[in-house]
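K.L.:
For reference, the file target02.csv (CSV, C-alpha atoms) is included below:
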```csv
chain,number,residue,atom,x,y,z
K,1,MET,CA,-38.5,-85.9,-17.6
K,2,ARG,CA,-41.8,-85.1,-15.9
K,3,ASN,CA,-40.7,-87.0,-12.7
K,4,THR,CA,-37.4,-85.1,-12.7
K,5,ILE,CA,-39.3,-81.7,-12.9
K,6,ILE,CA,-41.5,-82.8,-10.0
K,7,LEU,CA,-38.5,-83.8,-7.9
K,8,LEU,CA,-36.8,-80.5,-8.7
K,9,VAL,CA,-39.9,-78.5,-7.6
K,10,ILE,CA,-40.2,-80.5,-4.4
K,11,SER,CA,-36.6,-79.9,-3.6
K,12,ILE,CA,-36.9,-76.1,-4.1
K,13,LEU,CA,-40.0,-75.9,-1.9
K,14,THR,CA,-38.3,-77.9,0.8
K,15,PHE,CA,-35.2,-75.7,0.7
K,16,CYS,CA,-37.4,-72.5,1.0
K,17,PHE,CA,-39.3,-74.0,3.9
K,18,VAL,CA,-36.2,-74.9,5.8
K,19,SER,CA,-34.4,-71.7,5.1
K,20,CYS,CA,-37.4,-69.5,6.1
K,21,GLY,CA,-37.8,-71.5,9.2
K,22,GLU,CA,-34.1,-71.0,10.2
K,23,GLU,CA,-34.3,-67.3,9.4
K,24,GLU,CA,-37.4,-67.0,11.6
K,25,ASN,CA,-35.7,-69.0,14.4
K,26,ALA,CA,-32.5,-67.0,14.1
K,27,THR,CA,-34.4,-63.7,14.3
K,28,ALA,CA,-36.2,-64.9,17.4
K,29,ARG,CA,-32.9,-66.0,19.0
K,30,ILE,CA,-31.2,-62.7,18.1
K,31,GLN,CA,-33.9,-60.8,19.9
K,32,LYS,CA,-33.1,-62.7,23.0
K,33,GLN,CA,-29.5,-61.5,23.1
K,34,PRO,CA,-29.0,-59.1,26.1
K,35,ASN,CA,-27.1,-56.4,24.2
K,36,GLY,CA,-29.0,-56.6,20.9
K,37,THR,CA,-25.8,-56.8,18.9
K,38,VAL,CA,-25.1,-59.4,16.2
K,39,LEU,CA,-21.4,-59.8,15.3
K,40,ASN,CA,-22.0,-62.3,12.5
K,41,ARG,CA,-24.7,-64.5,11.0
K,42,THR,CA,-24.1,-67.4,13.3
K,43,VAL,CA,-25.9,-66.7,16.6
K,44,THR,CA,-24.6,-68.4,19.6
K,45,VAL,CA,-27.1,-68.9,22.4
K,46,ARG,CA,-25.6,-68.8,25.9
K,47,PRO,CA,-26.8,-71.5,28.3
K,48,GLU,CA,-29.3,-70.4,30.9
K,49,LYS,CA,-26.8,-70.7,33.7
K,50,ALA,CA,-23.3,-69.9,32.6
K,51,VAL,CA,-20.5,-71.3,34.7
K,52,LYS,CA,-18.5,-68.5,36.2
K,53,ILE,CA,-14.8,-69.1,37.0
K,54,PRO,CA,-13.8,-67.2,40.2
K,55,MET,CA,-10.9,-64.8,39.6
K,56,LEU,CA,-8.2,-64.5,42.1
K,57,LYS,CA,-7.8,-60.9,43.3
K,58,LYS,CA,-4.6,-59.5,44.7
K,59,PRO,CA,-4.9,-58.0,48.2
K,60,SER,CA,-5.3,-54.3,47.9
K,61,LEU,CA,-2.6,-52.1,49.4
K,62,PRO,CA,-3.6,-49.1,51.6
K,63,PRO,CA,-3.8,-45.8,49.7
K,64,VAL,CA,-0.4,-44.0,50.0
K,65,ASN,CA,-1.6,-40.5,50.9
K,66,THR,CA,-5.3,-40.9,51.4
K,67,GLN,CA,-7.3,-40.6,54.6
K,68,THR,CA,-9.8,-43.4,54.9
K,69,TRP,CA,-11.1,-42.8,58.4
K,70,PRO,CA,-13.3,-40.2,60.2
K,71,MET,CA,-12.0,-36.8,61.1
K,72,ILE,CA,-9.2,-36.8,63.7
K,73,ALA,CA,-8.8,-33.9,66.0
K,74,THR,CA,-5.5,-32.1,65.3
K,75,GLY,CA,-4.9,-31.6,69.0
K,76,LEU,CA,-4.7,-27.8,68.6
K,77,THR,CA,-6.5,-25.9,71.5
K,78,LYS,CA,-5.0,-22.4,71.0
K,79,CYS,CA,-5.9,-19.7,68.5
K,80,TYR,CA,-3.8,-16.9,67.0
K,81,ASP,CA,-4.0,-13.8,64.9
K,82,ASN,CA,-1.0,-12.7,62.7
K,83,THR,CA,1.1,-11.6,65.7
K,84,LYS,CA,0.0,-13.3,68.9
K,85,GLU,CA,-2.2,-15.9,70.7
K,86,ILE,CA,-5.8,-14.8,71.1
K,87,ASP,CA,-8.9,-16.0,73.0
K,88,CYS,CA,-10.5,-18.8,70.9
K,89,SER,CA,-14.0,-17.6,71.9
K,90,GLU,CA,-13.3,-14.2,70.4
K,91,VAL,CA,-11.7,-14.9,67.1
K,92,PRO,CA,-12.0,-12.1,64.5
K,93,ALA,CA,-13.7,-12.9,61.2
K,94,ASP,CA,-10.3,-12.6,59.4
K,95,PHE,CA,-9.0,-15.5,61.5
K,96,ASP,CA,-12.1,-17.6,61.8
K,97,GLY,CA,-12.0,-21.4,61.3
K,98,GLN,CA,-8.9,-22.3,63.2
K,99,ASP,CA,-8.5,-25.8,64.5
K,100,GLY,CA,-8.2,-24.5,68.1
K,101,GLN,CA,-11.5,-22.7,67.7
K,102,LYS,CA,-13.5,-25.4,65.9
K,103,ARG,CA,-11.9,-28.5,67.3
K,104,TYR,CA,-13.4,-30.9,64.8
K,105,GLY,CA,-13.0,-34.7,65.2
K,106,THR,CA,-11.8,-36.8,68.1
K,107,ARG,CA,-8.7,-38.5,69.4
K,108,SER,CA,-9.0,-41.9,71.1
K,109,LEU,CA,-5.9,-44.0,71.9
K,110,VAL,CA,-5.6,-47.0,74.2
K,111,LYS,CA,-2.9,-49.4,75.2
K,112,GLU,CA,-2.9,-53.0,74.2
K,113,SER,CA,-0.7,-56.0,74.9
K,114,GLY,CA,0.6,-54.6,78.1
K,115,ASN,CA,2.6,-51.5,77.1
K,116,GLU,CA,3.7,-52.7,73.6
K,117,ILE,CA,0.9,-51.5,71.3
K,118,VAL,CA,-1.2,-48.3,71.0
K,119,TYR,CA,-4.6,-48.8,69.4
K,120,ASP,CA,-6.4,-45.9,67.6
K,121,ASN,CA,-10.1,-46.2,68.0
K,122,VAL,CA,-10.7,-43.7,65.1
K,123,THR,CA,-8.4,-45.1,62.4
K,124,LYS,CA,-8.6,-48.7,63.7
K,125,LEU,CA,-4.8,-48.9,63.4
K,126,ARG,CA,-2.3,-50.4,65.8
K,127,TRP,CA,1.1,-48.9,66.4
K,128,THR,CA,4.2,-50.3,68.0
K,129,LYS,CA,5.0,-48.5,71.2
K,130,ARG,CA,8.7,-49.1,70.8
K,131,ILE,CA,10.6,-47.7,67.8
K,132,ASN,CA,13.7,-48.9,65.9
K,133,ALA,CA,16.3,-46.2,65.1
K,134,ASP,CA,19.1,-45.6,62.6
K,135,LEU,CA,17.7,-47.6,59.6
K,136,ASN,CA,17.5,-46.7,56.0
K,137,TRP,CA,14.1,-47.1,54.2
K,138,TYR,CA,14.8,-50.6,53.0
K,139,GLU,CA,15.9,-51.8,56.4
K,140,ALA,CA,12.9,-50.1,58.0
K,141,LYS,CA,10.5,-51.8,55.6
K,142,ALA,CA,12.1,-55.2,56.2
K,143,TYR,CA,12.1,-54.7,59.9
K,144,CYS,CA,8.4,-54.0,60.1
K,145,GLU,CA,7.4,-56.8,57.7
K,146,SER,CA,9.4,-59.3,59.8
K,147,LEU,CA,8.1,-58.1,63.1
K,148,LYS,CA,6.4,-60.7,65.3
K,149,LEU,CA,4.2,-59.0,67.8
K,150,ASN,CA,0.8,-60.0,69.2
K,151,ASN,CA,0.1,-62.3,66.2
K,152,LYS,CA,-0.4,-59.2,63.9
K,153,THR,CA,0.9,-58.4,60.4
K,154,TRP,CA,3.1,-55.3,60.6
K,155,ARG,CA,4.3,-53.0,57.9
K,156,LEU,CA,5.7,-49.5,57.1
K,157,PRO,CA,3.0,-46.9,57.5
K,158,THR,CA,1.6,-44.8,54.7
K,159,THR,CA,2.1,-41.1,54.9
K,160,ALA,CA,-1.5,-40.5,55.8
K,161,GLU,CA,-1.4,-43.2,58.5
K,162,LEU,CA,1.8,-41.7,60.1
K,163,ARG,CA,0.4,-38.2,60.0
K,164,SER,CA,-2.8,-39.5,61.8
K,165,ILE,CA,-0.9,-39.8,65.1
K,166,VAL,CA,0.7,-36.4,65.0
K,167,ASN,CA,-0.7,-34.1,67.7
K,168,TYR,CA,-0.2,-30.6,66.5
K,169,GLY,CA,-1.1,-29.2,69.9
K,170,LYS,CA,2.2,-30.6,71.3
K,171,VAL,CA,5.8,-30.2,70.4
K,172,ASN,CA,9.0,-32.2,71.2
K,173,PRO,CA,7.3,-34.7,70.7
K,174,ALA,CA,4.2,-33.9,68.7
K,175,LEU,CA,2.6,-37.0,70.1
K,176,ASP,CA,0.0,-38.0,72.7
K,177,GLN,CA,1.5,-39.0,76.0
K,178,ILE,CA,0.4,-42.6,75.6
K,179,PHE,CA,3.2,-43.1,73.1
K,180,TYR,CA,5.9,-42.5,75.7
K,181,GLU,CA,4.4,-43.2,79.1
K,182,ASP,CA,5.3,-46.4,80.9
K,183,ALA,CA,3.0,-49.3,81.7
K,184,SER,CA,1.6,-47.5,84.8
K,185,GLY,CA,0.8,-44.3,82.9
K,186,SER,CA,3.7,-42.3,84.2
K,187,ALA,CA,5.4,-39.8,81.9
K,188,VAL,CA,8.3,-39.0,84.3
K,189,SER,CA,9.7,-42.4,85.1
K,190,ASP,CA,13.2,-43.3,83.6
K,191,GLU,CA,11.5,-45.6,81.1
K,192,ALA,CA,9.1,-42.9,79.9
K,193,VAL,CA,11.7,-40.2,79.7
K,194,ASP,CA,14.0,-42.5,77.7
K,195,MET,CA,11.1,-43.2,75.2
K,196,LYS,CA,10.2,-39.5,75.0
K,197,GLU,CA,13.8,-38.6,74.0
K,198,GLN,CA,13.8,-41.1,71.2
K,199,ILE,CA,10.6,-40.2,69.5
K,200,SER,CA,11.0,-36.6,68.5
K,201,GLY,CA,13.1,-37.3,65.4
K,202,TRP,CA,12.4,-38.2,61.7
K,203,PHE,CA,10.3,-41.4,60.9
K,204,TRP,CA,10.0,-43.3,57.7
K,205,ALA,CA,6.7,-43.6,55.8
K,206,THR,CA,6.0,-45.0,52.3
K,207,LYS,CA,7.9,-44.2,49.2
K,208,HIS,CA,7.6,-40.9,47.4
K,209,VAL,CA,5.0,-41.0,44.6
K,210,HIS,CA,7.3,-39.2,42.1
K,211,PHE,CA,10.5,-41.2,42.5
K,212,ASP,CA,9.5,-44.8,42.6
K,213,SER,CA,12.9,-46.3,41.8
K,214,GLU,CA,16.5,-45.4,41.0
K,215,THR,CA,16.8,-43.9,37.6
K,216,ASP,CA,19.5,-42.2,35.5
K,217,VAL,CA,18.8,-38.6,34.8
K,218,GLU,CA,20.6,-35.9,32.9
K,219,VAL,CA,21.7,-32.9,35.1
K,220,GLU,CA,23.5,-30.0,33.3
K,221,GLY,CA,24.5,-32.3,30.5
K,222,GLU,CA,25.9,-35.0,32.8
K,223,THR,CA,24.2,-38.3,33.4
K,224,LYS,CA,23.7,-38.9,37.1
K,225,LYS,CA,21.8,-41.4,39.2
K,226,ARG,CA,18.8,-40.0,41.0
K,227,LEU,CA,18.2,-41.9,44.2
K,228,ALA,CA,14.7,-43.1,45.0
K,229,SER,CA,13.1,-41.1,47.8
K,230,SER,CA,10.5,-41.7,50.5
K,231,TRP,CA,8.4,-39.6,52.9
K,232,ILE,CA,9.6,-38.8,56.4
K,233,ILE,CA,7.8,-37.0,59.2
K,234,ASN,CA,9.5,-35.2,62.0
K,235,PHE,CA,7.7,-35.8,65.3
K,236,TYR,CA,9.3,-32.8,66.9
K,237,ASP,CA,6.6,-30.7,65.3
K,238,GLY,CA,4.9,-32.9,62.7
K,239,PHE,CA,6.7,-31.5,59.7
K,240,VAL,CA,6.5,-33.6,56.5
K,241,GLU,CA,9.5,-34.0,54.1
K,242,TYR,CA,11.0,-36.5,51.7
K,243,THR,CA,14.6,-37.7,51.4
K,244,SER,CA,16.8,-40.4,49.9
K,245,ARG,CA,15.9,-43.9,51.0
K,246,TYR,CA,19.5,-44.5,51.9
K,247,ASN,CA,19.5,-41.9,54.7
K,248,LYS,CA,19.0,-43.3,58.2
K,249,TYR,CA,16.0,-42.5,60.4
K,250,ASN,CA,13.5,-44.1,62.8
K,251,VAL,CA,10.6,-46.4,62.2
K,252,ARG,CA,7.4,-47.1,64.0
K,253,CYS,CA,5.5,-50.0,62.5
K,254,VAL,CA,1.7,-50.1,61.9
K,255,SER,CA,-0.8,-52.9,61.6
K,256,SER,CA,-4.3,-52.7,60.0
K,257,ALA,CA,-5.1,-56.3,60.8
K,258,ASN,CA,-8.2,-56.9,62.9
```
Could you write out this structure as structure tokens?
P.N.:
Amino acid sequence: MRNTIILLVISILTFCFVSCGEEENATARIQKQPNGTVLNRTVTVRPEKAVKIPMLKKPSLPPVNTQTWPMIATGLTKCYDNTKEIDCSEVPADFDGQDGQKRYGTRSLVKESGNEIVYDNVTKLRWTKRINADLNWYEAKAYCESLKLNNKTWRLPTTAELRSIVNYGKVNPALDQIFYEDASGSAVSDEAVDMKEQISGWFWATKHVHFDSETDVEVEGETKKRLASSWIINFYDGFVEYTSRYNKYNVRCVSSAN
């Protein structure tokens, strides 16, 4: 009986010693946790160097209507009041801040690959000199994505990208001469005149942010299909509009590849 009691006491003391030691050790380990939060009584200690599995990231698409480049000059060099053209050096306070007066930003376009590509030094975008006409939005998108030119990847431009080449100081077309002059720099040759006549119309940009796909909507109690729409820009004067993707307009492809 005496031996049994002694063994029982030894067992109790041993249990208390081990338990206290574990509690102390657990406390010390808990304090090492980076966020100081314990989710349960079992503390898991991370290895000193955790193995990180690289995650595959999808290539990011360009922002649809966001300018991501320095200020581009609008091309405007004239100033106006509410009735007529005025001297830009003597603009009244009520009409102060006009583009023709301030002339912020710069425009810098050069030809590449002979006379096939126009490179914008400000936006770092490349544009096809030639255009394709009479295409709906889906055809225009497919055309640009399948284009093989100068080993670059081509696509349909975003609205902001397409607007970046509008020259608001010109009309019919609202574009710099480099987009329609021939390889020698002439704007009066038959080739240049032909290009100039083609580029004053409507051009496709990316899809309209509000109508991403074809959906059925109720109009005056009747269910109708609302066609998806996309942005278009008129290069007669730089006007921006949106229309059904099934209408047919022009396309000028862009490349942001280095």
K.L.:
Excluding stretch 241-243 of chain K and residues on its chain fewer than 2 positions from it, collect all residues at most 12 Å away from it, counting only C-alpha atoms, and give them as JSON, numbers by chain.
P.N.:
{"K": [136, 137, 159, 163, 202, 203, 204, 205, 206, 207, 208, 209, 210, 211, 226, 227, 228, 229, 230, 231, 232, 233, 234, 235, 238, 239, 245, 246, 247, 248, 249]}
K.L.:
Measuring between all atoms listed in the file, which one of K:Leu149, K:Ala93, K:Ile86, K:Val110 shows the shortest distance to K:Asp176?
P.N.:
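Checking each of K:Leu149, K:Ala93, K:Ile86, K:Val110 against K:Asp176, counting all atoms listed in the file, the winner is K:Val110.
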K.L.:
With a distance cut-off of 8 Å and all atoms listed in the file, select the neighbouring residues of K:Arg126, excluding the residue or stretch itself and same-chain residues fewer than 3 positions from it, and output the selection as a list in words.
P.N.:
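In the requested format, the answer is Ile117, Val118, Tyr119, Asp120, Val254, Ser255 and Ser256 of chain K.
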K.L.:
Please, what distance in Å, to one decimal, runs between atom CA of K:Tyr236 and atom CA of K:Gln198?
P.N.:
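Interatomic distance, atom CA of K:Tyr236 to atom CA of K:Gln198: 10.4 Å.
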K.L.:
For the atom pair atom CA of K:Thr106 and atom CA of K:Trp127, what is the interatomic distance in Å to one decimal place?
P.N.:
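Those two atoms sit 17.8 Å apart.
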K.L.:
Separation of atom CA of K:Val240 and atom CA of K:Gln98, in Å?
P.N.:
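Atom-to-atom, atom CA of K:Val240 to atom CA of K:Gln98, that is 20.2 Å.
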